[in-house]
file final.cif (mmCIF, C-alpha atoms and all ligand atoms)
data_data
#
loop_
_atom_site.group_PDB
_atom_site.id
_atom_site.type_symbol
_atom_site.label_atom_id
_atom_site.label_comp_id
_atom_site.auth_asym_id
_atom_site.auth_seq_id
_atom_site.Cartn_x
_atom_site.Cartn_y
_atom_site.Cartn_z
ATOM 1 C CA MET A 600 -37.023 -5.613 0.305
ATOM 2 C CA ASN A 601 -38.473 -8.507 2.248
ATOM 3 C CA ILE A 602 -37.710 -8.563 5.949
ATOM 4 C CA ILE A 603 -38.600 -10.436 9.115
ATOM 5 C CA LEU A 604 -39.131 -8.676 12.436
ATOM 6 C CA LEU A 605 -38.074 -11.031 15.220
ATOM 7 C CA GLY A 606 -38.559 -10.644 18.941
ATOM 8 C CA PRO A 607 -40.705 -11.712 21.875
ATOM 9 C CA PRO A 608 -44.301 -10.550 22.376
ATOM 10 C CA GLY A 609 -44.314 -6.854 23.242
ATOM 11 C CA ALA A 610 -40.957 -6.151 21.584
ATOM 12 C CA GLY A 611 -42.589 -3.646 19.224
ATOM 13 C CA LYS A 612 -42.793 -5.667 16.006
ATOM 14 C CA GLY A 613 -46.321 -4.564 15.152
ATOM 15 C CA THR A 614 -45.619 -0.902 15.906
ATOM 16 C CA GLN A 615 -42.508 -0.848 13.748
ATOM 17 C CA ALA A 616 -44.153 -2.796 10.942
ATOM 18 C CA ALA A 617 -46.966 -0.224 10.828
ATOM 19 C CA ARG A 618 -44.419 2.558 10.404
ATOM 20 C CA LEU A 619 -42.705 0.810 7.516
ATOM 21 C CA VAL A 620 -46.066 0.257 5.862
ATOM 22 C CA GLU A 621 -46.793 3.964 6.072
ATOM 23 C CA ASP A 622 -43.359 5.223 5.046
ATOM 24 C CA ARG A 623 -42.085 2.638 2.628
ATOM 25 C CA ASP A 624 -45.263 1.239 1.152
ATOM 26 C CA MET A 625 -44.348 -2.203 2.427
ATOM 27 C CA ILE A 626 -46.908 -4.913 3.167
ATOM 28 C CA GLN A 627 -47.219 -6.156 6.740
ATOM 29 C CA LEU A 628 -47.858 -9.863 7.023
ATOM 30 C CA SER A 629 -48.833 -10.507 10.627
ATOM 31 C CA THR A 630 -49.997 -14.074 11.177
ATOM 32 C CA GLY A 631 -51.352 -12.978 14.577
ATOM 33 C CA ASP A 632 -53.601 -10.397 12.861
ATOM 34 C CA MET A 633 -54.678 -12.953 10.251
ATOM 35 C CA LEU A 634 -55.583 -15.482 12.947
ATOM 36 C CA ARG A 635 -57.512 -12.880 14.965
ATOM 37 C CA GLU A 636 -59.371 -11.927 11.807
ATOM 38 C CA ALA A 637 -60.272 -15.583 11.189
ATOM 39 C CA ARG A 638 -61.669 -15.739 14.717
ATOM 40 C CA THR A 639 -63.721 -12.575 14.345
ATOM 41 C CA SER A 640 -65.205 -13.699 11.063
ATOM 42 C CA GLY A 641 -65.966 -17.074 12.645
ATOM 43 C CA THR A 642 -64.313 -19.345 10.061
ATOM 44 C CA GLU A 643 -63.798 -23.040 10.898
ATOM 45 C CA MET A 644 -60.069 -22.406 11.194
ATOM 46 C CA GLY A 645 -60.725 -19.400 13.445
ATOM 47 C CA LYS A 646 -62.796 -21.526 15.804
ATOM 48 C CA LYS A 647 -60.147 -24.217 15.821
ATOM 49 C CA VAL A 648 -57.321 -21.909 16.890
ATOM 50 C CA ALA A 649 -59.179 -19.722 19.414
ATOM 51 C CA ALA A 650 -58.455 -21.682 22.586
ATOM 52 C CA VAL A 651 -54.829 -22.316 21.626
ATOM 53 C CA MET A 652 -54.254 -18.605 21.030
ATOM 54 C CA ASP A 653 -55.936 -17.577 24.265
ATOM 55 C CA ARG A 654 -53.651 -19.878 26.209
ATOM 56 C CA GLY A 655 -50.653 -18.264 24.521
ATOM 57 C CA GLU A 656 -49.519 -21.394 22.696
ATOM 58 C CA LEU A 657 -48.509 -21.559 19.052
ATOM 59 C CA VAL A 658 -51.003 -22.772 16.460
ATOM 60 C CA THR A 659 -49.823 -25.449 14.016
ATOM 61 C CA ASP A 660 -47.164 -24.696 11.429
ATOM 62 C CA GLU A 661 -49.496 -25.956 8.721
ATOM 63 C CA ILE A 662 -52.121 -23.300 9.449
ATOM 64 C CA VAL A 663 -49.786 -20.305 9.500
ATOM 65 C CA ILE A 664 -47.771 -21.475 6.499
ATOM 66 C CA GLY A 665 -51.049 -21.744 4.568
ATOM 67 C CA LEU A 666 -51.967 -18.177 5.545
ATOM 68 C CA ILE A 667 -48.589 -16.824 4.461
ATOM 69 C CA ARG A 668 -48.622 -18.712 1.171
ATOM 70 C CA GLU A 669 -51.877 -16.998 0.196
ATOM 71 C CA LYS A 670 -50.517 -13.534 0.964
ATOM 72 C CA LEU A 671 -47.252 -14.080 -0.886
ATOM 73 C CA GLU A 672 -49.269 -14.619 -4.025
ATOM 74 C CA GLY A 673 -50.790 -11.143 -3.625
ATOM 75 C CA PRO A 674 -49.279 -7.721 -4.412
ATOM 76 C CA GLU A 675 -45.777 -7.052 -3.170
ATOM 77 C CA LYS A 676 -45.497 -3.212 -3.351
ATOM 78 C CA GLY A 677 -42.434 -2.053 -1.355
ATOM 79 C CA GLY A 678 -41.820 -5.585 -0.075
ATOM 80 C CA PHE A 679 -43.072 -7.823 2.694
ATOM 81 C CA ILE A 680 -42.579 -7.393 6.423
ATOM 82 C CA PHE A 681 -43.043 -10.696 8.197
ATOM 83 C CA ASP A 682 -44.332 -9.848 11.662
ATOM 84 C CA GLY A 683 -44.751 -12.767 14.051
ATOM 85 C CA PHE A 684 -43.806 -15.263 11.354
ATOM 86 C CA PRO A 685 -41.791 -17.477 11.184
ATOM 87 C CA ARG A 686 -41.986 -18.636 14.800
ATOM 88 C CA THR A 687 -40.483 -22.129 14.429
ATOM 89 C CA LEU A 688 -37.624 -23.623 12.429
ATOM 90 C CA ALA A 689 -40.146 -25.540 10.324
ATOM 91 C CA GLN A 690 -41.863 -22.248 9.463
ATOM 92 C CA ALA A 691 -38.506 -20.665 8.599
ATOM 93 C CA ASP A 692 -37.689 -23.525 6.222
ATOM 94 C CA ALA A 693 -41.156 -23.325 4.692
ATOM 95 C CA LEU A 694 -40.783 -19.586 4.164
ATOM 96 C CA GLU A 695 -37.480 -20.064 2.407
ATOM 97 C CA ALA A 696 -38.973 -22.708 0.133
ATOM 98 C CA LEU A 697 -42.032 -20.570 -0.636
ATOM 99 C CA MET A 698 -39.938 -17.525 -1.462
ATOM 100 C CA ALA A 699 -37.619 -19.553 -3.708
ATOM 101 C CA GLU A 700 -40.654 -21.023 -5.463
ATOM 102 C CA MET A 701 -41.887 -17.515 -6.199
ATOM 103 C CA GLY A 702 -38.520 -16.117 -7.232
ATOM 104 C CA LYS A 703 -38.347 -13.825 -4.196
ATOM 105 C CA LYS A 704 -35.655 -13.466 -1.587
ATOM 106 C CA LEU A 705 -35.468 -12.619 2.055
ATOM 107 C CA ASP A 706 -33.131 -9.698 2.731
ATOM 108 C CA CYS A 707 -32.739 -9.872 6.492
ATOM 109 C CA ALA A 708 -34.215 -10.781 9.858
ATOM 110 C CA ILE A 709 -34.151 -7.901 12.337
ATOM 111 C CA GLU A 710 -34.152 -8.780 16.008
ATOM 112 C CA LEU A 711 -35.747 -6.258 18.385
ATOM 113 C CA ARG A 712 -33.812 -6.840 21.591
ATOM 114 C CA VAL A 713 -35.625 -6.200 24.853
ATOM 115 C CA ARG A 714 -35.671 -7.346 28.481
ATOM 116 C CA ASP A 715 -38.444 -9.566 29.807
ATOM 117 C CA GLU A 716 -39.436 -7.184 32.623
ATOM 118 C CA VAL A 717 -40.277 -4.542 30.057
ATOM 119 C CA LEU A 718 -42.444 -6.911 28.061
ATOM 120 C CA VAL A 719 -44.810 -7.607 30.930
ATOM 121 C CA ASP A 720 -45.261 -3.850 31.492
ATOM 122 C CA ARG A 721 -45.788 -3.130 27.826
ATOM 123 C CA ILE A 722 -48.374 -5.846 27.411
ATOM 124 C CA VAL A 723 -50.269 -4.982 30.551
ATOM 125 C CA ASN A 724 -50.267 -1.343 29.376
ATOM 126 C CA ARG A 725 -51.420 -2.311 25.901
ATOM 127 C CA ALA A 726 -54.412 -4.044 27.486
ATOM 128 C CA LYS A 727 -55.175 -1.069 29.744
ATOM 129 C CA GLU A 728 -54.944 1.408 26.859
ATOM 130 C CA ALA A 729 -57.213 -0.684 24.660
ATOM 131 C CA ALA A 730 -59.772 -0.941 27.459
ATOM 132 C CA ALA A 731 -59.631 2.816 28.138
ATOM 133 C CA ALA A 732 -60.113 3.590 24.443
ATOM 134 C CA GLY A 733 -63.121 1.246 24.262
ATOM 135 C CA LYS A 734 -61.177 -1.103 21.942
ATOM 136 C CA PRO A 735 -61.225 -4.877 22.321
ATOM 137 C CA VAL A 736 -58.550 -6.199 24.669
ATOM 138 C CA ARG A 737 -56.627 -9.164 23.290
ATOM 139 C CA ALA A 738 -57.631 -12.286 25.185
ATOM 140 C CA ASP A 739 -53.962 -13.292 25.417
ATOM 141 C CA ASP A 740 -52.791 -9.936 26.821
ATOM 142 C CA ASN A 741 -52.850 -11.070 30.445
ATOM 143 C CA GLU A 742 -50.022 -12.186 32.681
ATOM 144 C CA GLU A 743 -50.830 -15.881 32.605
ATOM 145 C CA SER A 744 -50.932 -16.148 28.790
ATOM 146 C CA LEU A 745 -47.928 -13.895 28.517
ATOM 147 C CA LYS A 746 -45.860 -16.354 30.532
ATOM 148 C CA VAL A 747 -46.787 -19.101 28.095
ATOM 149 C CA ARG A 748 -46.125 -16.822 25.096
ATOM 150 C CA LEU A 749 -42.666 -15.984 26.431
ATOM 151 C CA MET A 750 -41.867 -19.639 27.041
ATOM 152 C CA GLU A 751 -43.019 -20.492 23.511
ATOM 153 C CA TYR A 752 -40.750 -17.734 22.254
ATOM 154 C CA TYR A 753 -37.684 -19.027 24.060
ATOM 155 C CA LYS A 754 -38.312 -22.681 23.246
ATOM 156 C CA LYS A 755 -39.471 -22.467 19.642
ATOM 157 C CA THR A 756 -38.724 -19.045 18.159
ATOM 158 C CA SER A 757 -35.394 -17.959 19.658
ATOM 159 C CA PRO A 758 -33.523 -20.730 17.742
ATOM 160 C CA LEU A 759 -34.325 -18.673 14.645
ATOM 161 C CA LEU A 760 -31.766 -16.120 15.809
ATOM 162 C CA GLY A 761 -29.040 -18.720 15.296
ATOM 163 C CA TYR A 762 -30.653 -19.876 12.070
ATOM 164 C CA TYR A 763 -30.571 -16.415 10.469
ATOM 165 C CA HIS A 764 -27.197 -15.614 11.962
ATOM 166 C CA ALA A 765 -25.793 -18.715 10.248
ATOM 167 C CA LYS A 766 -27.290 -17.489 6.983
ATOM 168 C CA ASP A 767 -25.663 -14.103 7.561
ATOM 169 C CA LYS A 768 -29.069 -12.430 7.588
ATOM 170 C CA LEU A 769 -29.452 -11.471 11.238
ATOM 171 C CA LYS A 770 -29.441 -7.798 12.229
ATOM 172 C CA ARG A 771 -30.074 -6.461 15.712
ATOM 173 C CA VAL A 772 -31.587 -3.286 17.052
ATOM 174 C CA ASP A 773 -32.105 -2.103 20.603
ATOM 175 C CA GLY A 774 -35.836 -2.520 21.128
ATOM 176 C CA LEU A 775 -35.655 -0.617 24.425
ATOM 177 C CA ALA A 776 -34.776 2.665 22.733
ATOM 178 C CA GLU A 777 -37.492 5.226 21.994
ATOM 179 C CA MET A 778 -39.868 4.230 19.234
ATOM 180 C CA ALA A 779 -38.506 6.832 16.811
ATOM 181 C CA VAL A 780 -34.946 5.664 17.464
ATOM 182 C CA VAL A 781 -35.876 2.033 16.862
ATOM 183 C CA GLU A 782 -37.587 3.124 13.660
ATOM 184 C CA ALA A 783 -34.497 5.025 12.499
ATOM 185 C CA SER A 784 -32.256 2.025 13.260
ATOM 186 C CA ILE A 785 -34.476 -0.266 11.216
ATOM 187 C CA LYS A 786 -34.543 2.153 8.301
ATOM 188 C CA ALA A 787 -30.759 2.492 8.435
ATOM 189 C CA ILE A 788 -30.509 -1.295 8.062
ATOM 190 C CA LEU A 789 -32.908 -1.249 5.116
ATOM 191 C CA ASP A 790 -30.900 1.515 3.446
ATOM 192 C CA SER A 791 -27.486 -0.059 3.994
HETATM 193 P P1 LIG B 1 -49.113 -12.256 17.808
HETATM 194 O O1 LIG B 1 -50.184 -11.275 17.436
HETATM 195 O O2 LIG B 1 -48.016 -12.321 16.787
HETATM 196 O O3 LIG B 1 -48.611 -12.049 19.204
HETATM 197 O O4 LIG B 1 -49.799 -13.700 17.786
HETATM 198 C C1 LIG B 1 -50.877 -14.021 18.650
HETATM 199 C C2 LIG B 1 -51.034 -15.529 18.728
HETATM 200 O O5 LIG B 1 -51.340 -16.056 17.437
HETATM 201 C C3 LIG B 1 -49.803 -16.300 19.169
HETATM 202 O O6 LIG B 1 -49.670 -16.335 20.571
HETATM 203 C C4 LIG B 1 -50.107 -17.680 18.581
HETATM 204 O O7 LIG B 1 -51.102 -18.357 19.318
HETATM 205 C C5 LIG B 1 -50.696 -17.314 17.239
HETATM 206 N N1 LIG B 1 -49.664 -17.140 16.200
HETATM 207 C C6 LIG B 1 -49.360 -15.992 15.538
HETATM 208 N N2 LIG B 1 -48.388 -16.197 14.633
HETATM 209 C C7 LIG B 1 -48.030 -17.499 14.743
HETATM 210 C C8 LIG B 1 -47.065 -18.320 14.108
HETATM 211 N N3 LIG B 1 -46.248 -17.830 13.156
HETATM 212 N N4 LIG B 1 -47.003 -19.625 14.473
HETATM 213 C C9 LIG B 1 -47.819 -20.134 15.403
HETATM 214 N N5 LIG B 1 -48.738 -19.414 16.062
HETATM 215 C C10 LIG B 1 -48.861 -18.107 15.739
#
call {"tool": "encode", "arguments": {"input": "final.cif", "output": "structure tokens"}}
result
Amino acid sequence: MNIILLGPPGAGKGTQAARLVEDRDMIQLSTGDMLREARTSGTEMGKKVAAVMDRGELVTDEIVIGLIREKLEGPEKGGFIFDGFPRTLAQADALEALMAEMGKKLDCAIELRVRDEVLVDRIVNRAKEAAAAGKPVRADDNEESLKVRLMEYYKKTSPLLGYYHAKDKLKRVDGLAEMAVVEASIKAILDS
């Protein structure tokens, strides 16, 4: 199965993707992780996107589509989980074209529904926990960048809900439920 996890920053996409990787041998394709990796390894592309990411804005469609294309050519195992991609209608169209080109299909897009107030708390906590554990704190996990990230979500990514609904591929789960409950809801969708 190939699925998309949709939802604003802090909705729990990464957490849930990690669980599916562990349990279902799926492959998590997080463009955010790929971009952070490019920054850490100091590639030209990584340097180019750093400031944009720190502000909380989206990087260009061209860059993320290129990253995804490379990964789709790799092993598929239990299927792909797109986490944080697509984030624009152009990316959604590109994904569809890429999958068709490779004889693959997208099964569904699962929306993790949450309230904005919760997102701010979750992200501020994520930063605090990382700091306490001596792990690097994401440069965009602060309130100012989060505001921009949320606005980017509403302006550019939320139209994808209508897009996948129209294609009869949209599923919804309550992202405010306990982690294990969210996980069970997602697995029930995959098994249905
Ligand atoms: P994330 O880890 O998914 O929250 O992504 C962190 C940041 O990486 C975002 O705020 C964007 O700057 C950038 N990014 C990640 N995925 C995408 C995407 N699909 N399109 C554009 N920018 C992205």
call {"tool": "residues_near_ligand", "arguments": {"input": "final.cif", "ligand": "ligand LIG 1 (chain B)", "cutoff": "6 Å", "atoms": "all atoms listed in the file", "output": "list in words"}}
result
Pro608, Thr630, Gly631, Asp632, Val651, Met652, Gly655, Glu656, Leu657, Val658, Thr659, Asp660, Val663, Gly683, Phe684, Pro685, Arg686 and Arg748 of chain A
call {"tool": "resolve_selection", "arguments": {"input": "final.cif", "expression": "the PyMOL selection byres (((chain A and resi 722) around 10) and not hetatm)", "output": "PDB file with C-alpha atoms, keeping the file's coordinate frame"}}
result
ATOM      1  CA  PRO A 608     -44.301 -10.550  22.376  1.00  0.00           C
ATOM      2  CA  GLY A 609     -44.314  -6.854  23.242  1.00  0.00           C
ATOM      3  CA  ALA A 610     -40.957  -6.151  21.584  1.00  0.00           C
ATOM      4  CA  VAL A 717     -40.277  -4.542  30.057  1.00  0.00           C
ATOM      5  CA  LEU A 718     -42.444  -6.911  28.061  1.00  0.00           C
ATOM      6  CA  VAL A 719     -44.810  -7.607  30.930  1.00  0.00           C
ATOM      7  CA  ASP A 720     -45.261  -3.850  31.492  1.00  0.00           C
ATOM      8  CA  ARG A 721     -45.788  -3.130  27.826  1.00  0.00           C
ATOM      9  CA  VAL A 723     -50.269  -4.982  30.551  1.00  0.00           C
ATOM     10  CA  ASN A 724     -50.267  -1.343  29.376  1.00  0.00           C
ATOM     11  CA  ARG A 725     -51.420  -2.311  25.901  1.00  0.00           C
ATOM     12  CA  ALA A 726     -54.412  -4.044  27.486  1.00  0.00           C
ATOM     13  CA  LYS A 727     -55.175  -1.069  29.744  1.00  0.00           C
ATOM     14  CA  GLU A 728     -54.944   1.408  26.859  1.00  0.00           C
ATOM     15  CA  ARG A 737     -56.627  -9.164  23.290  1.00  0.00           C
ATOM     16  CA  ASP A 739     -53.962 -13.292  25.417  1.00  0.00           C
ATOM     17  CA  ASP A 740     -52.791  -9.936  26.821  1.00  0.00           C
ATOM     18  CA  ASN A 741     -52.850 -11.070  30.445  1.00  0.00           C
ATOM     19  CA  GLU A 742     -50.022 -12.186  32.681  1.00  0.00           C
ATOM     20  CA  LEU A 745     -47.928 -13.895  28.517  1.00  0.00           C
TER      21      LEU A 745
END
call {"tool": "atom_distance", "arguments": {"input": "final.cif", "atom1": "atom CA of Asp682 of chain A", "atom2": "atom CA of Ile603 of chain A"}}
result
6.3 Å
call {"tool": "residues_around", "arguments": {"input": "final.cif", "residues": "segment 757-773 of chain A", "least_positions_apart": "3", "cutoff": "9 Å", "atoms": "all atoms listed in the file", "output": "NGL selection string"}}
result
:A and (605-607 or 685-688 or 691 or 705-713 or 751-754 or 776 or 780-781 or 784-785 or 788)
call {"tool": "closest_residue", "arguments": {"input": "final.cif", "among": "A:Glu675, A:Leu789, A:Met750, A:Ile662", "to": "Met644 of chain A", "atoms": "all atoms listed in the file"}}
result
A:Ile662
call {"tool": "atom_distance", "arguments": {"input": "final.cif", "atom1": "atom CA of Ile626 of chain A", "atom2": "atom CA of Arg668 of chain A"}}
result
14.0 Å
call {"tool": "residues_around", "arguments": {"input": "final.cif", "residues": "segment 777-779 of chain A", "least_positions_apart": "5", "cutoff": "9 Å", "atoms": "only C-alpha atoms", "output": "list in words"}}
result
Gly611, Thr614, Gln615 and Ser784 of chain A
call {"tool": "closest_residue", "arguments": {"input": "final.cif", "among": "A:Gln690, A:Asn601, A:Ser640, A:Gln627", "to": "Gly678 of chain A", "atoms": "all atoms listed in the file"}}
result
A:Asn601
call {"tool": "atom_distance", "arguments": {"input": "final.cif", "atom1": "atom CA of Met698 of chain A", "atom2": "atom CA of Phe679 of chain A"}}
result
11.0 Å
call {"tool": "build_atoms", "arguments": {"input": "final.cif", "residues": "segment 667-686 of chain A", "atoms": "N, CA and C atoms", "output": "PDB file, in the coordinates of the input"}}
result
ATOM      1  N   ILE A 667     -49.664 -17.597   5.087  1.00  0.00           N
ATOM      2  CA  ILE A 667     -48.589 -16.824   4.461  1.00  0.00           C
ATOM      3  C   ILE A 667     -48.513 -17.101   2.955  1.00  0.00           C
ATOM      4  N   ARG A 668     -48.679 -18.345   2.591  1.00  0.00           N
ATOM      5  CA  ARG A 668     -48.622 -18.712   1.171  1.00  0.00           C
ATOM      6  C   ARG A 668     -49.620 -17.873   0.360  1.00  0.00           C
ATOM      7  N   GLU A 669     -50.837 -17.776   0.884  1.00  0.00           N
ATOM      8  CA  GLU A 669     -51.877 -16.998   0.196  1.00  0.00           C
ATOM      9  C   GLU A 669     -51.454 -15.552  -0.017  1.00  0.00           C
ATOM     10  N   LYS A 670     -50.880 -14.954   1.033  1.00  0.00           N
ATOM     11  CA  LYS A 670     -50.517 -13.534   0.964  1.00  0.00           C
ATOM     12  C   LYS A 670     -49.335 -13.293   0.037  1.00  0.00           C
ATOM     13  N   LEU A 671     -48.429 -14.256  -0.032  1.00  0.00           N
ATOM     14  CA  LEU A 671     -47.252 -14.080  -0.886  1.00  0.00           C
ATOM     15  C   LEU A 671     -47.644 -14.052  -2.350  1.00  0.00           C
ATOM     16  N   GLU A 672     -48.790 -14.614  -2.636  1.00  0.00           N
ATOM     17  CA  GLU A 672     -49.269 -14.619  -4.025  1.00  0.00           C
ATOM     18  C   GLU A 672     -49.888 -13.272  -4.389  1.00  0.00           C
ATOM     19  N   GLY A 673     -50.168 -12.449  -3.398  1.00  0.00           N
ATOM     20  CA  GLY A 673     -50.790 -11.143  -3.625  1.00  0.00           C
ATOM     21  C   GLY A 673     -49.771 -10.082  -4.002  1.00  0.00           C
ATOM     22  N   PRO A 674     -50.188  -8.806  -4.025  1.00  0.00           N
ATOM     23  CA  PRO A 674     -49.279  -7.721  -4.412  1.00  0.00           C
ATOM     24  C   PRO A 674     -48.127  -7.570  -3.433  1.00  0.00           C
ATOM     25  N   GLU A 675     -47.010  -7.096  -3.953  1.00  0.00           N
ATOM     26  CA  GLU A 675     -45.777  -7.052  -3.170  1.00  0.00           C
ATOM     27  C   GLU A 675     -45.402  -5.610  -2.774  1.00  0.00           C
ATOM     28  N   LYS A 676     -45.803  -4.639  -3.591  1.00  0.00           N
ATOM     29  CA  LYS A 676     -45.497  -3.212  -3.351  1.00  0.00           C
ATOM     30  C   LYS A 676     -44.040  -3.014  -2.927  1.00  0.00           C
ATOM     31  N   GLY A 677     -43.808  -2.328  -1.788  1.00  0.00           N
ATOM     32  CA  GLY A 677     -42.434  -2.053  -1.355  1.00  0.00           C
ATOM     33  C   GLY A 677     -41.750  -3.236  -0.689  1.00  0.00           C
ATOM     34  N   GLY A 678     -42.414  -4.393  -0.690  1.00  0.00           N
ATOM     35  CA  GLY A 678     -41.820  -5.585  -0.075  1.00  0.00           C
ATOM     36  C   GLY A 678     -42.627  -6.049   1.131  1.00  0.00           C
ATOM     37  N   PHE A 679     -42.331  -7.236   1.567  1.00  0.00           N
ATOM     38  CA  PHE A 679     -43.072  -7.823   2.694  1.00  0.00           C
ATOM     39  C   PHE A 679     -42.331  -7.645   4.012  1.00  0.00           C
ATOM     40  N   ILE A 680     -43.109  -7.382   5.053  1.00  0.00           N
ATOM     41  CA  ILE A 680     -42.579  -7.393   6.423  1.00  0.00           C
ATOM     42  C   ILE A 680     -43.246  -8.567   7.113  1.00  0.00           C
ATOM     43  N   PHE A 681     -42.484  -9.563   7.461  1.00  0.00           N
ATOM     44  CA  PHE A 681     -43.043 -10.696   8.197  1.00  0.00           C
ATOM     45  C   PHE A 681     -43.009 -10.350   9.685  1.00  0.00           C
ATOM     46  N   ASP A 682     -44.189 -10.294  10.270  1.00  0.00           N
ATOM     47  CA  ASP A 682     -44.332  -9.848  11.662  1.00  0.00           C
ATOM     48  C   ASP A 682     -44.986 -10.986  12.447  1.00  0.00           C
ATOM     49  N   GLY A 683     -44.192 -11.631  13.297  1.00  0.00           N
ATOM     50  CA  GLY A 683     -44.751 -12.767  14.051  1.00  0.00           C
ATOM     51  C   GLY A 683     -44.725 -14.068  13.264  1.00  0.00           C
ATOM     52  N   PHE A 684     -44.017 -14.074  12.189  1.00  0.00           N
ATOM     53  CA  PHE A 684     -43.806 -15.263  11.354  1.00  0.00           C
ATOM     54  C   PHE A 684     -42.436 -15.111  10.702  1.00  0.00           C
ATOM     55  N   PRO A 685     -41.610 -16.144  10.627  1.00  0.00           N
ATOM     56  CA  PRO A 685     -41.791 -17.477  11.184  1.00  0.00           C
ATOM     57  C   PRO A 685     -41.557 -17.500  12.702  1.00  0.00           C
ATOM     58  N   ARG A 686     -42.136 -18.490  13.352  1.00  0.00           N
ATOM     59  CA  ARG A 686     -41.986 -18.636  14.800  1.00  0.00           C
ATOM     60  C   ARG A 686     -41.383 -19.976  15.170  1.00  0.00           C
TER      61      ARG A 686
END
